>>> print(open('data.txt').read())   # compact mmCIF, C-alpha atoms
# COMPACT_ATOMS: atom_id res chain seq x y z
CA LEU A 1 -59.53 46.42 40.75
CA TYR A 2 -57.88 49.77 41.36
CA ARG A 3 -58.48 53.40 40.45
CA MET A 4 -56.16 56.36 40.98
CA THR A 5 -57.42 59.59 42.48
CA TRP A 6 -58.31 62.39 40.07
CA LEU A 7 -55.31 64.37 41.29
CA ASP A 8 -52.94 61.46 40.65
CA LEU A 9 -54.49 60.88 37.23
CA LEU A 10 -53.94 64.53 36.37
CA ARG A 11 -50.35 64.36 37.64
CA GLU A 12 -49.60 61.33 35.45
CA SER A 13 -51.54 62.49 32.38
CA MET A 14 -48.40 63.52 30.50
CA PRO A 15 -44.62 63.22 30.80
CA ARG A 16 -43.32 65.79 33.26
CA PRO A 17 -41.00 67.56 30.77
CA MET A 18 -43.97 68.05 28.47
CA ARG A 19 -45.56 70.34 31.04
CA LEU A 20 -43.08 73.02 29.98
CA LEU A 21 -44.75 73.06 26.60
CA VAL A 22 -48.34 73.36 27.81
CA PRO A 23 -48.49 77.12 28.61
CA PHE A 24 -46.87 78.00 25.27
CA GLY A 25 -49.18 75.68 23.36
CA LEU A 26 -52.33 77.00 25.03
CA ALA A 27 -51.18 80.58 24.52
CA ALA A 28 -50.62 79.88 20.82
CA VAL A 29 -54.11 78.41 20.58
CA ALA A 30 -55.62 81.48 22.27
CA LEU A 31 -53.76 83.88 19.99
CA ASN A 32 -54.62 82.07 16.75
CA PRO A 33 -57.22 84.21 14.92
CA GLU A 34 -58.35 81.41 12.59
CA ARG A 35 -61.43 80.44 14.58
CA GLY A 36 -63.19 78.95 11.58
CA ASN A 37 -60.47 76.44 10.67
CA TRP A 38 -62.07 73.02 11.04
CA GLU A 39 -58.71 71.22 11.15
CA ARG A 40 -57.61 72.86 14.38
CA TRP A 41 -60.97 72.03 15.95
CA ALA A 42 -60.56 68.43 14.78
CA LEU A 43 -57.19 68.29 16.54
CA ALA A 44 -58.72 69.82 19.66
CA ALA A 45 -61.45 67.16 19.53
CA GLY A 46 -58.75 64.49 19.30
CA VAL A 47 -57.12 65.89 22.43
CA ALA A 48 -60.50 65.93 24.19
CA PHE A 49 -61.24 62.32 23.28
CA GLY A 50 -57.73 61.29 24.37
CA ALA A 51 -58.28 62.98 27.73
CA PHE A 52 -61.72 61.38 28.12
CA SER A 53 -60.31 57.91 27.34
CA TYR A 54 -57.46 58.34 29.81
CA PHE A 55 -59.49 59.69 32.72
CA VAL A 56 -62.48 57.35 32.31
CA GLN A 57 -60.19 54.30 32.54
CA GLY A 58 -58.82 55.67 35.79
CA LYS A 59 -55.62 53.58 35.96
CA GLY A 60 -52.96 56.09 34.99
CA TYR A 61 -50.98 53.63 32.86
CA TYR A 62 -48.65 55.26 30.38
CA TYR A 63 -50.05 53.42 27.38
CA GLN A 64 -53.53 54.69 28.26
CA ARG A 65 -52.39 58.30 28.06
CA TYR A 66 -50.74 57.81 24.68
CA PRO A 67 -53.67 59.16 22.56
CA LEU A 68 -53.84 62.25 24.76
CA VAL A 69 -50.10 62.88 24.62
CA ALA A 70 -49.77 62.18 20.89
CA MET A 71 -52.71 64.40 19.90
CA THR A 72 -51.63 67.20 22.24
CA LEU A 73 -48.10 67.25 20.84
CA LEU A 74 -49.43 67.32 17.26
CA TRP A 75 -51.94 70.05 18.11
CA PHE A 76 -49.37 72.22 19.90
CA ALA A 77 -46.77 71.71 17.15
CA ILE A 78 -49.15 73.03 14.50
CA GLU A 79 -50.42 75.90 16.65
CA LEU A 80 -46.89 76.96 17.60
CA SER A 81 -45.78 76.81 13.98
CA VAL A 82 -48.67 79.07 12.97
CA ALA A 83 -47.88 81.48 15.81
CA ALA A 84 -44.17 81.56 14.86
CA ARG A 85 -45.10 82.92 11.39
CA ARG A 86 -46.95 85.87 12.85
CA ARG A 87 -45.60 89.01 14.49
CA GLY A 88 -45.36 90.39 17.99
CA VAL A 89 -46.21 88.33 21.06
CA ALA A 90 -47.57 85.43 19.02
CA ARG A 91 -44.24 85.05 17.21
CA THR A 92 -42.30 85.11 20.49
CA ILE A 93 -44.53 82.46 22.02
CA GLY A 94 -44.41 80.31 18.90
CA MET A 95 -40.62 80.45 18.62
CA ALA A 96 -40.14 79.79 22.34
CA GLY A 97 -42.50 76.82 22.33
CA LEU A 98 -40.90 75.30 19.23
CA ALA A 99 -37.45 75.77 20.76
CA ILE A 100 -38.54 73.91 23.90
CA GLY A 101 -40.01 71.09 21.84
CA ILE A 102 -37.16 70.74 19.34
CA PHE A 103 -34.12 71.38 21.49
CA GLY A 104 -35.49 70.24 24.86
CA LEU A 105 -38.12 67.54 24.60
CA THR A 106 -36.98 65.82 21.41
CA PRO A 107 -33.42 64.95 22.59
CA LEU A 108 -34.72 63.96 26.01
CA PHE A 109 -37.38 61.61 24.69
CA ALA A 110 -35.02 60.22 22.06
CA GLU A 111 -32.54 59.31 24.80
CA ARG A 112 -35.28 57.67 26.84
CA ALA A 113 -36.37 55.64 23.83
CA ARG A 114 -32.77 54.58 23.21
CA THR A 115 -32.24 53.27 26.74
CA ILE A 116 -35.63 51.77 27.60
CA PHE A 117 -35.34 48.48 25.72
CA TYR A 118 -34.69 46.59 28.96
CA SER A 119 -37.31 43.94 28.15
CA ASN A 120 -35.12 42.66 25.32
CA ILE A 121 -32.19 42.33 27.71
CA PHE A 122 -34.45 40.62 30.24
CA THR A 123 -35.70 38.15 27.64
CA GLU A 124 -32.32 37.38 26.09
CA THR A 125 -30.67 36.80 29.47
CA LEU A 126 -33.51 34.59 30.63
CA GLU A 127 -33.36 32.55 27.43
CA SER A 128 -29.68 31.91 28.11
CA ASP A 129 -30.43 30.78 31.66
CA LEU A 130 -33.20 28.45 30.53
CA ARG A 131 -30.99 26.91 27.85
CA GLN A 132 -28.42 26.11 30.54
CA ILE A 133 -31.07 24.27 32.53
CA GLY A 134 -32.29 22.45 29.42
CA VAL A 135 -35.14 23.46 27.16
CA ALA A 136 -36.42 19.92 26.65
CA THR A 137 -36.67 19.29 30.39
CA LEU A 138 -38.73 22.44 30.96
CA GLN A 139 -41.77 21.60 28.85
CA HIS A 140 -44.79 22.10 31.14
CA ASP A 141 -42.35 22.35 34.06
CA VAL A 142 -41.61 26.08 34.25
CA GLN A 143 -43.86 28.84 35.55
CA CYS A 144 -43.54 32.59 34.99
CA LEU A 145 -44.59 34.91 37.80
CA ASP A 146 -44.21 38.05 35.78
CA MET A 147 -46.53 40.42 33.97
CA VAL A 148 -44.91 42.19 31.03
CA ASP A 149 -41.15 42.18 31.66
CA GLY A 150 -40.33 39.41 29.21
CA CYS A 151 -40.66 35.95 30.76
CA MET A 152 -43.45 34.91 28.39
CA ASN A 153 -41.40 36.20 25.44
CA ALA A 154 -38.51 33.98 26.47
CA LEU A 155 -40.74 30.90 26.67
CA TYR A 156 -42.28 31.75 23.31
CA HIS A 157 -38.89 32.12 21.63
CA LEU A 158 -37.72 28.80 23.09
CA GLN A 159 -41.07 27.12 22.29
CA ILE A 160 -41.57 26.14 25.91
CA VAL A 161 -45.09 25.66 27.28
CA GLN A 162 -45.31 26.71 30.91
CA GLN A 163 -46.97 24.74 33.68
CA THR A 164 -50.22 26.77 33.76
CA GLY A 165 -52.03 29.07 31.39
CA MET A 166 -51.50 32.07 33.64
CA THR A 167 -49.80 34.84 31.65
CA GLY A 168 -49.57 37.51 34.35
CA ASP A 169 -49.22 37.50 38.12
CA ASN A 170 -51.09 40.71 38.95
CA LEU A 171 -54.09 38.79 40.32
CA LEU A 172 -51.81 36.74 42.57
CA PHE A 173 -49.97 39.66 44.18
CA PRO A 174 -52.25 42.72 44.08
CA PRO A 175 -52.00 45.49 46.68
CA ASP A 176 -55.49 44.56 47.91
CA ALA A 177 -56.27 40.84 48.11
CA SER A 178 -59.82 41.28 49.35
CA PHE A 179 -61.41 41.01 45.90
CA ALA A 180 -63.23 37.79 45.08
CA VAL A 181 -61.44 37.52 41.73
CA VAL A 182 -58.09 37.51 43.55
CA ARG A 183 -59.18 34.69 45.82
CA GLN A 184 -60.46 32.73 42.84
CA ALA A 185 -57.23 33.25 40.86
CA ARG A 186 -55.11 32.16 43.82
CA GLN A 187 -57.21 29.07 44.42
CA THR A 188 -57.02 28.00 40.77
CA PHE A 189 -53.27 28.60 40.67
CA TRP A 190 -52.71 26.80 43.97
CA GLU A 191 -54.66 23.73 42.88
CA GLY A 192 -52.55 23.47 39.73
CA LEU A 193 -49.39 24.01 41.76
CA VAL A 194 -50.19 21.20 44.21
CA ALA A 195 -51.25 18.82 41.44
CA HIS A 196 -48.14 19.44 39.34
CA PRO A 197 -45.40 21.54 40.97
CA PRO A 198 -43.19 23.11 38.29
CA ASP A 199 -39.50 22.37 38.46
CA VAL A 200 -38.69 26.02 37.79
CA PHE A 201 -40.19 29.35 38.78
CA VAL A 202 -39.14 32.54 37.01
CA ILE A 203 -40.15 35.50 39.18
CA SER A 204 -39.73 39.14 38.23
CA ASP A 205 -39.76 42.02 40.70
CA GLU A 206 -42.54 43.87 38.91
CA GLN A 207 -45.11 44.73 41.53
CA PHE A 208 -48.59 45.70 40.43
CA MET A 209 -49.31 49.38 41.17
CA ASP A 210 -46.20 49.74 43.32
CA ALA A 211 -42.43 50.07 43.12
CA ALA A 212 -40.61 47.05 41.72
CA SER A 213 -39.65 44.68 44.52
CA PHE A 214 -39.53 40.98 45.26
CA ASP A 215 -41.45 41.88 48.41
CA LYS A 216 -44.52 41.33 46.27
CA LEU A 217 -44.29 37.66 47.32
CA ASN A 218 -45.19 38.74 50.84
CA ARG A 219 -48.58 39.82 49.56
CA TRP A 220 -49.38 36.09 49.41
CA PRO A 221 -47.64 34.66 52.50
CA GLU A 222 -48.75 31.07 51.88
CA PHE A 223 -47.08 31.02 48.50
CA ALA A 224 -43.97 32.78 49.79
CA GLN A 225 -43.60 30.08 52.44
CA TYR A 226 -44.22 27.31 49.91
CA LEU A 227 -41.50 28.74 47.67
CA ALA A 228 -39.03 29.01 50.55
CA ASP A 229 -39.72 25.44 51.72
CA ASN A 230 -39.61 23.71 48.35
CA TYR A 231 -37.36 25.71 46.02
CA ASP A 232 -33.78 26.96 45.91
CA LEU A 233 -32.60 30.16 44.29
CA ARG A 234 -30.54 29.23 41.22
CA SER A 235 -29.75 32.60 39.63
CA ALA A 236 -30.69 36.27 39.78
CA HIS A 237 -30.25 39.17 37.37
CA SER A 238 -31.10 42.85 37.52
CA PHE A 239 -31.35 45.36 34.67
CA PRO A 240 -31.87 49.09 34.12
CA ILE A 241 -35.20 50.68 35.10
CA THR A 242 -35.23 48.53 38.30
CA VAL A 243 -36.22 45.35 36.45
CA ALA A 244 -34.94 42.06 37.85
CA TYR A 245 -35.77 38.37 37.86
CA ARG A 246 -34.89 35.30 39.89
CA ILE A 247 -34.95 31.65 38.91
CA TYR A 248 -35.97 29.15 41.56
CA VAL A 249 -35.58 25.37 41.04
CA ARG A 250 -37.43 22.71 42.97
CA LYS A 251 -35.26 21.03 45.57
CA GLY A 252 -33.85 17.79 44.21
CA SER A 253 -34.51 18.77 40.58
CA PHE A 254 -31.63 18.87 38.07
CA ALA A 255 -29.24 17.52 40.65
CA ASP A 256 -27.36 15.72 37.89
CA GLY A 257 -29.06 17.35 34.94
CA PRO A 258 -28.17 20.02 32.43
CA GLY A 259 -26.61 23.23 33.65
CA MET A 260 -25.70 21.95 37.12
>>> encode(input="data.txt", output="structure tokens")
Amino acid sequence: LYRMTWLDLLRESMPRPMRLLVPFGLAAVALNPERGNWERWALAAGVAFGAFSYFVQGKGYYYQRYPLVAMTLLWFAIELSVAARRRGVARTIGMAGLAIGIFGLTPLFAERARTIFYSNIFTETLESDLRQIGVATLQHDVQCLDMVDGCMNALYHLQIVQQTGMTGDNLLFPPDASFAVVRQARQTFWEGLVAHPPDVFVISDEQFMDAASFDKLNRWPEFAQYLADNYDLRSAHSFPITVAYRIYVRKGSFADGPGM
């Protein structure tokens, strides 16, 4: 439903700090005299296939660039190590590139990996909220409007079946609602909603192809109005990396029930 421009794809093809390594890696490749080594050509082919896969998909998602990034880092690491064992300019380039990778990129990426587990926090907090409402009362009466932040994980851990089979809301709140598949998804969801309104909505602020914001609801005004008319905000939580969720309960539900 959406494709980034070639310039944007190129801009997002690798982590920004990794760009510091690129000139040193390419220089090491150019200065390596072992032209007949099939292993280095195999690594280069892996990089080429990773780039082809990333650009042909055209979405710019981080997980789609993973083969390109992983193969490039492996290729550069080997080429820089070879260059560092030589003399002259090649040795300088190899040592400088390895220093950037070891003392610059490695600590930075390790810190990012250490602090990015926000989905676990999201899921654990949501599980606690749903337990307060009452797990038994939520069977087929809770609906996630989330994509990958952790709402479905919470339901899975609590063995709760949600009201519909929809496992992601990107087709309900896309940046462009003119596609036929969007209209079809909304109609199917709306029919299920009218036939059996869930007692609870869990809505994350993840917004497809845009900055995280609960303004995504305004992309479907009819639903936003329905939510405002029929549901009350029960709780809201926000987490690192701009992730947040809100729990809405149907007016009149749980008035004397668990957690109230």
>>> closest_atom_pairs(input="data.txt", of="region 118-176 of chain A", to="region 229-251 of chain A", cutoff="10 Å", atoms="all atoms listed in the file", output="CSV")
residue,atom,partner,partner_atom,distance
A:Tyr118,CA,A:Pro240,CA,6.4
A:Ser119,CA,A:Val243,CA,8.5
A:Ile121,CA,A:Phe239,CA,7.6
A:Phe122,CA,A:Phe239,CA,7.2
A:Thr125,CA,A:His237,CA,8.3
A:Leu126,CA,A:Tyr245,CA,8.5
A:Asp129,CA,A:Ser235,CA,8.2
A:Leu130,CA,A:Ile247,CA,9.1
A:Ile133,CA,A:Val249,CA,9.7
A:Val142,CA,A:Val249,CA,9.1
A:Gln143,CA,A:Tyr248,CA,9.9
A:Cys144,CA,A:Ile247,CA,9.5
A:Leu145,CA,A:Tyr245,CA,9.5
A:Asp146,CA,A:Tyr245,CA,8.7
A:Asp149,CA,A:Val243,CA,7.6
A:Gly150,CA,A:Tyr245,CA,9.8
A:Cys151,CA,A:Tyr245,CA,9.0
>>> residues_around(input="data.txt", residues="Trp41 (chain A)", least_positions_apart="6", cutoff="12 Å", atoms="all atoms listed in the file", output="ChimeraX atom specification")
/A:29,32,34-35,47-48,71,75,78-79
>>> atom_distance(input="data.txt", atom1="CA of Asp199 (chain A)", atom2="CA of Phe223 (chain A)")
15.3 Å
>>> atom_distance(input="data.txt", atom1="CA of Val182 (chain A)", atom2="CA of Val200 (chain A)")
23.3 Å
>>> closest_atom_pairs(input="data.txt", of="region 49-139 of chain A", to="region 207-216 of chain A", cutoff="10 Å", atoms="all atoms listed in the file", output="CSV")
residue,atom,partner,partner_atom,distance
A:Lys59,CA,A:Met209,CA,9.2
A:Gly60,CA,A:Met209,CA,9.8
A:Tyr61,CA,A:Met209,CA,9.5
>>> atom_distance(input="data.txt", atom1="CA of Trp38 (chain A)", atom2="CA of Ala70 (chain A)")
19.1 Å
>>> residues_around(input="data.txt", residues="Leu7 (chain A)", least_positions_apart="3", cutoff="12 Å", atoms="only C-alpha atoms", output="PyMOL selection string")
chain A and resi 3-4+10-13+55+58+60
>>> residues_around(input="data.txt", residues="Leu73 (chain A)", least_positions_apart="3", cutoff="10 Å", atoms="all atoms listed in the file", output="MDAnalysis selection string")
chainID A and resid 18 21:22 25 47 67:70 76:79 101
>>> write_last_selection(input="data.txt", atoms="C-alpha atoms", output="mmCIF file, in the frame of the given file")
data_model
loop_
_atom_site.group_PDB
_atom_site.id
_atom_site.type_symbol
_atom_site.label_atom_id
_atom_site.label_comp_id
_atom_site.auth_asym_id
_atom_site.auth_seq_id
_atom_site.Cartn_x
_atom_site.Cartn_y
_atom_site.Cartn_z
ATOM 1 C CA MET A 18 -43.970 68.050 28.470
ATOM 2 C CA LEU A 21 -44.750 73.060 26.600
ATOM 3 C CA VAL A 22 -48.340 73.360 27.810
ATOM 4 C CA GLY A 25 -49.180 75.680 23.360
ATOM 5 C CA VAL A 47 -57.120 65.890 22.430
ATOM 6 C CA PRO A 67 -53.670 59.160 22.560
ATOM 7 C CA LEU A 68 -53.840 62.250 24.760
ATOM 8 C CA VAL A 69 -50.100 62.880 24.620
ATOM 9 C CA ALA A 70 -49.770 62.180 20.890
ATOM 10 C CA PHE A 76 -49.370 72.220 19.900
ATOM 11 C CA ALA A 77 -46.770 71.710 17.150
ATOM 12 C CA ILE A 78 -49.150 73.030 14.500
ATOM 13 C CA GLU A 79 -50.420 75.900 16.650
ATOM 14 C CA GLY A 101 -40.010 71.090 21.840
#
>>> residues_around(input="data.txt", residues="region 135-137 of chain A", least_positions_apart="3", cutoff="10 Å", atoms="only C-alpha atoms", output="number ranges by chain")
A: 127, 129-132, 140-142, 155, 158-160, 199, 254, 257-258
>>> closest_residue(input="data.txt", among="A:Ala110, A:Val181, A:Gln163, A:Leu31", to="Ala195 (chain A)", atoms="only C-alpha atoms")
A:Gln163
>>> residues_around(input="data.txt", residues="Ser81 (chain A)", least_positions_apart="5", cutoff="10 Å", atoms="all atoms listed in the file", output="ChimeraX atom specification")
/A:28,76,86,91,93-95,97-98
